[in-house]
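What follows is the content of work.cif, which has mmCIF, N, CA, C and O atoms and all ligand atoms:
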```cif
data_my_file
#
loop_
_atom_site.label_atom_id
_atom_site.label_comp_id
_atom_site.auth_asym_id
_atom_site.auth_seq_id
_atom_site.Cartn_x
_atom_site.Cartn_y
_atom_site.Cartn_z
N MET Q 851 19.28 -31.17 38.30
CA MET Q 851 18.13 -30.67 39.04
C MET Q 851 17.93 -31.48 40.32
O MET Q 851 17.70 -30.93 41.38
N TYR Q 852 18.02 -32.83 40.20
CA TYR Q 852 17.81 -33.70 41.37
C TYR Q 852 18.83 -33.40 42.45
O TYR Q 852 18.47 -33.27 43.64
N THR Q 853 20.11 -33.30 42.09
CA THR Q 853 21.13 -33.05 43.11
C THR Q 853 20.98 -31.66 43.72
O THR Q 853 21.34 -31.47 44.88
N ASN Q 854 20.47 -30.72 42.99
CA ASN Q 854 20.25 -29.38 43.56
C ASN Q 854 19.12 -29.38 44.57
O ASN Q 854 19.11 -28.58 45.50
N LEU Q 855 18.14 -30.27 44.40
CA LEU Q 855 17.02 -30.33 45.33
C LEU Q 855 17.35 -31.11 46.60
O LEU Q 855 16.70 -30.93 47.62
N MET Q 856 18.37 -31.98 46.54
CA MET Q 856 18.74 -32.78 47.71
C MET Q 856 19.43 -31.89 48.74
O MET Q 856 20.26 -31.05 48.38
N PRO Q 857 19.13 -32.09 50.03
CA PRO Q 857 19.82 -31.29 51.06
C PRO Q 857 21.30 -31.68 51.12
O PRO Q 857 21.65 -32.83 50.93
N GLN Q 858 22.13 -30.70 51.37
CA GLN Q 858 23.58 -30.93 51.44
C GLN Q 858 24.00 -30.97 52.91
O GLN Q 858 23.77 -30.02 53.64
N TYR Q 859 24.57 -32.10 53.32
CA TYR Q 859 25.05 -32.26 54.68
C TYR Q 859 26.57 -32.31 54.67
O TYR Q 859 27.17 -32.79 53.71
N PRO Q 860 27.21 -31.86 55.75
CA PRO Q 860 28.67 -31.95 55.81
C PRO Q 860 29.10 -33.41 55.90
O PRO Q 860 28.42 -34.24 56.51
N LYS Q 861 30.23 -33.76 55.27
CA LYS Q 861 30.74 -35.12 55.33
C LYS Q 861 31.33 -35.38 56.70
O LYS Q 861 31.97 -34.51 57.30
N VAL Q 862 31.11 -36.59 57.22
CA VAL Q 862 31.58 -36.96 58.56
C VAL Q 862 32.77 -37.90 58.43
O VAL Q 862 32.96 -38.56 57.41
N GLU Q 863 33.57 -37.97 59.50
CA GLU Q 863 34.80 -38.77 59.48
C GLU Q 863 34.51 -40.25 59.29
O GLU Q 863 35.29 -40.96 58.66
N TRP Q 864 33.40 -40.76 59.86
CA TRP Q 864 33.14 -42.20 59.85
C TRP Q 864 32.48 -42.65 58.55
O TRP Q 864 32.15 -43.83 58.39
N ARG Q 865 32.33 -41.76 57.59
CA ARG Q 865 31.66 -42.10 56.33
C ARG Q 865 32.38 -43.24 55.60
O ARG Q 865 31.75 -44.16 55.10
N SER Q 866 33.71 -43.18 55.56
CA SER Q 866 34.46 -44.21 54.82
C SER Q 866 34.33 -45.58 55.48
O SER Q 866 34.38 -46.60 54.81
N CYS Q 867 34.16 -45.62 56.81
CA CYS Q 867 33.98 -46.91 57.50
C CYS Q 867 32.67 -47.56 57.11
O CYS Q 867 32.60 -48.77 56.93
N THR Q 868 31.62 -46.78 56.99
CA THR Q 868 30.31 -47.36 56.69
C THR Q 868 30.17 -47.72 55.23
O THR Q 868 29.37 -48.57 54.88
N LEU Q 869 30.95 -47.09 54.35
CA LEU Q 869 30.82 -47.37 52.93
C LEU Q 869 31.80 -48.44 52.45
O LEU Q 869 31.75 -48.83 51.29
N HIS Q 870 32.68 -48.91 53.31
CA HIS Q 870 33.66 -49.90 52.92
C HIS Q 870 32.94 -51.19 52.52
O HIS Q 870 32.09 -51.68 53.24
N SER Q 871 33.27 -51.76 51.37
CA SER Q 871 32.49 -52.86 50.82
C SER Q 871 32.69 -54.19 51.55
O SER Q 871 31.81 -55.04 51.50
N CYS Q 872 33.80 -54.39 52.23
CA CYS Q 872 34.04 -55.70 52.85
C CYS Q 872 33.42 -55.81 54.24
O CYS Q 872 33.47 -56.87 54.85
N VAL Q 873 32.80 -54.76 54.74
CA VAL Q 873 32.16 -54.79 56.05
C VAL Q 873 30.71 -55.25 55.88
O VAL Q 873 30.00 -54.76 55.01
N HIS Q 874 30.28 -56.21 56.70
CA HIS Q 874 28.93 -56.74 56.62
C HIS Q 874 27.91 -55.65 56.94
O HIS Q 874 28.16 -54.78 57.76
N GLN Q 875 26.75 -55.71 56.26
CA GLN Q 875 25.70 -54.70 56.44
C GLN Q 875 25.28 -54.57 57.90
O GLN Q 875 24.98 -53.48 58.38
N ARG Q 876 25.22 -55.70 58.62
CA ARG Q 876 24.82 -55.67 60.03
C ARG Q 876 25.76 -54.80 60.84
O ARG Q 876 25.33 -54.00 61.68
N PHE Q 877 27.07 -54.94 60.60
CA PHE Q 877 28.04 -54.18 61.36
C PHE Q 877 28.03 -52.71 60.96
O PHE Q 877 28.29 -51.83 61.78
N LYS Q 878 27.74 -52.43 59.69
CA LYS Q 878 27.60 -51.04 59.27
C LYS Q 878 26.45 -50.37 60.00
O LYS Q 878 26.54 -49.23 60.43
N PHE Q 879 25.35 -51.11 60.15
CA PHE Q 879 24.18 -50.57 60.83
C PHE Q 879 24.48 -50.33 62.31
O PHE Q 879 24.10 -49.29 62.87
N ILE Q 880 25.16 -51.29 62.96
CA ILE Q 880 25.50 -51.13 64.36
C ILE Q 880 26.44 -49.94 64.54
O ILE Q 880 26.29 -49.14 65.48
N LEU Q 881 27.41 -49.78 63.65
CA LEU Q 881 28.32 -48.63 63.71
C LEU Q 881 27.54 -47.34 63.53
O LEU Q 881 27.78 -46.35 64.25
N TRP Q 882 26.60 -47.33 62.62
CA TRP Q 882 25.78 -46.14 62.38
C TRP Q 882 24.99 -45.76 63.64
O TRP Q 882 24.90 -44.60 64.01
N LEU Q 883 24.42 -46.79 64.31
CA LEU Q 883 23.70 -46.52 65.56
C LEU Q 883 24.65 -46.00 66.63
O LEU Q 883 24.33 -45.06 67.37
N ALA Q 884 25.84 -46.59 66.74
CA ALA Q 884 26.79 -46.19 67.77
C ALA Q 884 27.27 -44.77 67.56
O ALA Q 884 27.40 -44.00 68.53
N VAL Q 885 27.52 -44.40 66.33
CA VAL Q 885 28.00 -43.04 66.04
C VAL Q 885 26.95 -42.01 66.46
O VAL Q 885 27.29 -40.93 66.93
N GLN Q 886 25.69 -42.37 66.32
CA GLN Q 886 24.62 -41.45 66.69
C GLN Q 886 24.18 -41.61 68.14
O GLN Q 886 23.18 -41.01 68.55
N ASN Q 887 24.90 -42.45 68.90
CA ASN Q 887 24.58 -42.72 70.31
C ASN Q 887 23.15 -43.23 70.46
O ASN Q 887 22.41 -42.80 71.34
N ARG Q 888 22.77 -44.16 69.58
CA ARG Q 888 21.40 -44.70 69.60
C ARG Q 888 21.37 -46.20 69.79
O ARG Q 888 20.38 -46.85 69.46
N LEU Q 889 22.47 -46.77 70.33
CA LEU Q 889 22.46 -48.21 70.62
C LEU Q 889 21.44 -48.50 71.71
O LEU Q 889 21.25 -47.70 72.62
N GLU Q 890 20.78 -49.65 71.62
CA GLU Q 890 19.76 -49.99 72.61
C GLU Q 890 20.43 -50.59 73.84
O GLU Q 890 20.38 -51.80 74.08
N THR Q 891 21.04 -49.74 74.62
CA THR Q 891 21.68 -50.19 75.86
C THR Q 891 20.64 -50.27 76.96
O THR Q 891 19.53 -49.75 76.84
N VAL Q 892 21.01 -50.92 78.06
CA VAL Q 892 20.07 -51.13 79.16
C VAL Q 892 19.56 -49.80 79.72
O VAL Q 892 18.37 -49.64 79.98
N ASP Q 893 20.46 -48.83 79.87
CA ASP Q 893 20.01 -47.56 80.43
C ASP Q 893 18.99 -46.87 79.53
O ASP Q 893 18.04 -46.25 80.00
N ARG Q 894 19.14 -46.99 78.21
CA ARG Q 894 18.17 -46.38 77.29
C ARG Q 894 16.85 -47.13 77.33
O ARG Q 894 15.77 -46.53 77.26
N LEU Q 895 16.91 -48.48 77.40
CA LEU Q 895 15.67 -49.26 77.46
C LEU Q 895 14.89 -48.96 78.73
O LEU Q 895 13.66 -48.89 78.72
N MET Q 896 15.63 -48.77 79.85
CA MET Q 896 14.96 -48.46 81.12
C MET Q 896 14.28 -47.11 81.07
O MET Q 896 13.23 -46.91 81.67
N LYS Q 897 14.85 -46.15 80.33
CA LYS Q 897 14.25 -44.81 80.22
C LYS Q 897 12.89 -44.85 79.55
O LYS Q 897 12.02 -44.04 79.85
N ILE Q 898 12.71 -45.81 78.61
CA ILE Q 898 11.42 -45.88 77.91
C ILE Q 898 10.50 -46.93 78.52
O ILE Q 898 9.48 -47.27 77.95
N GLY Q 899 10.90 -47.47 79.70
CA GLY Q 899 10.01 -48.33 80.46
C GLY Q 899 10.10 -49.81 80.17
O GLY Q 899 9.24 -50.58 80.60
N ILE Q 900 11.14 -50.25 79.48
CA ILE Q 900 11.32 -51.68 79.20
C ILE Q 900 12.17 -52.29 80.31
O ILE Q 900 13.26 -51.81 80.60
N GLN Q 901 11.63 -53.35 80.95
CA GLN Q 901 12.33 -54.00 82.05
C GLN Q 901 13.26 -55.08 81.49
O GLN Q 901 12.83 -56.02 80.85
N VAL Q 902 14.54 -54.92 81.73
CA VAL Q 902 15.56 -55.88 81.30
C VAL Q 902 16.57 -56.03 82.43
O VAL Q 902 16.67 -55.16 83.30
N PRO Q 903 17.31 -57.14 82.45
CA PRO Q 903 18.38 -57.26 83.45
C PRO Q 903 19.37 -56.10 83.30
O PRO Q 903 19.74 -55.74 82.18
N THR Q 904 19.77 -55.51 84.42
CA THR Q 904 20.59 -54.29 84.36
C THR Q 904 22.07 -54.56 84.16
O THR Q 904 22.81 -53.64 83.81
N ASP Q 905 22.51 -55.78 84.38
CA ASP Q 905 23.93 -56.06 84.24
C ASP Q 905 24.35 -56.05 82.78
O ASP Q 905 23.57 -56.37 81.88
N CYS Q 906 25.61 -55.73 82.55
CA CYS Q 906 26.17 -55.73 81.21
C CYS Q 906 26.11 -57.14 80.63
O CYS Q 906 26.45 -58.11 81.31
N ALA Q 907 25.70 -57.28 79.36
CA ALA Q 907 25.58 -58.59 78.73
C ALA Q 907 26.94 -59.23 78.48
O ALA Q 907 27.04 -60.45 78.34
N PHE Q 908 27.98 -58.44 78.43
CA PHE Q 908 29.31 -58.99 78.13
C PHE Q 908 30.09 -59.36 79.38
O PHE Q 908 30.68 -60.43 79.45
N CYS Q 909 30.13 -58.48 80.37
CA CYS Q 909 30.95 -58.77 81.55
C CYS Q 909 30.10 -58.99 82.80
O CYS Q 909 30.59 -59.57 83.77
N GLY Q 910 28.84 -58.55 82.81
CA GLY Q 910 27.97 -58.77 83.95
C GLY Q 910 28.35 -57.98 85.18
O GLY Q 910 27.81 -58.20 86.27
N ALA Q 911 29.27 -57.05 85.06
CA ALA Q 911 29.80 -56.37 86.23
C ALA Q 911 29.01 -55.13 86.62
O ALA Q 911 28.86 -54.84 87.80
N THR Q 912 28.50 -54.40 85.66
CA THR Q 912 27.90 -53.10 85.97
C THR Q 912 26.75 -52.82 85.02
O THR Q 912 26.44 -53.62 84.15
N LEU Q 913 26.12 -51.67 85.21
CA LEU Q 913 25.02 -51.25 84.34
C LEU Q 913 25.54 -51.06 82.92
O LEU Q 913 26.59 -50.45 82.71
N GLU Q 914 24.80 -51.60 81.95
CA GLU Q 914 25.21 -51.49 80.55
C GLU Q 914 24.83 -50.12 80.00
O GLU Q 914 23.66 -49.82 79.80
N THR Q 915 25.82 -49.28 79.80
CA THR Q 915 25.61 -47.96 79.22
C THR Q 915 26.44 -47.84 77.96
O THR Q 915 27.30 -48.68 77.68
N PHE Q 916 26.20 -46.78 77.20
CA PHE Q 916 26.98 -46.55 75.98
C PHE Q 916 28.45 -46.39 76.31
O PHE Q 916 29.31 -46.97 75.65
N ASP Q 917 28.75 -45.59 77.32
CA ASP Q 917 30.15 -45.37 77.71
C ASP Q 917 30.81 -46.66 78.16
O ASP Q 917 31.98 -46.89 77.89
N HIS Q 918 30.08 -47.53 78.88
CA HIS Q 918 30.65 -48.79 79.34
C HIS Q 918 30.99 -49.69 78.15
O HIS Q 918 32.05 -50.30 78.12
N LEU Q 919 30.10 -49.75 77.16
CA LEU Q 919 30.37 -50.60 76.00
C LEU Q 919 31.53 -50.07 75.21
O LEU Q 919 32.33 -50.79 74.67
ZN ZN Q 1001 30.57 -54.94 80.45
#
```
Starting from the coordinates I provided, produce the structure as structure tokens.
Amino acid sequence: MYTNLMPQYPKVEWRSCTLHSCVHQRFKFILWLAVQNRLETVDRLMKIGIQVPTDCAFCGATLETFDHL
């Protein structure tokens, strides 16, 4: 009865990556955010009005966007 009441979603390709037991929970969460294009990049923070340095935190060369990362 319980499984019949639960919504059924199609399985996604990245499911096995997130369920792998040797991957740390933090990295699973970051992967989950990245797959959904919800990483807190500079361009997304600027859209909601948060002022942060615009340069990429890793290379400092350009605006930090999802595509750049
Ligand atoms: Zn960079």
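Near ligand ZN 1001 (chain Q), at distances of 7 Å or less and with only C-alpha atoms and all ligand atoms counted, sit the residues Cys906, Ala907, Phe908, Cys909, Gly910, Ala911, Thr912, Glu914, His918 and Leu919 of chain Q.
In terms of minimum interatomic distance to Leu889 (chain Q), Q:Thr915 ranks closest within Q:Ser866, Q:Gln858, Q:Gln875, Q:Thr915, counting only N, CA, C and O atoms.
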Please write out, as JSON, where the centre of an axis-aligned box around all listed atoms of region 885-893 of chain Q lies and how long its edges are, in Å to one decimal, after adding 4 Å on each side.
```
{"center_x": 23.0, "center_y": -46.4, "center_z": 73.2, "size_x": 18.0, "size_y": 18.9, "size_z": 22.4}
```
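Note that CA of Phe916 (chain Q) and atom N of Arg888 (chain Q) are 8.0 Å apart.
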- Query: So how many Å separate CA of Tyr859 (chain Q) and atom O of Asp917 (chain Q), to one decimal?
  - Reply: 28.3 Å
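Of the residues in chain Q, those that DSSP places in helix (DSSP H, G or I) on the basis of the backbone are Tyr852, Thr853, Asn854, Leu855, Arg865, Ser866, Cys867, Thr868, Leu869, Gln875, Arg876, Phe877, Lys878, Phe879, Ile880, Leu881, Trp882, Leu883, Ala884, Val885, Val892, Asp893, Arg894, Leu895, Met896 and Lys897 of chain Q.
Atom pair atom O of Gln901 (chain Q) / atom C of Ala884 (chain Q): separated by 22.6 Å.
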- Item | Pick from Q:Leu913, Q:Cys867, Q:Met856, Q:Val862, whichever lies nearest to Leu895 (chain Q) using only C-alpha atoms | Q:Leu913
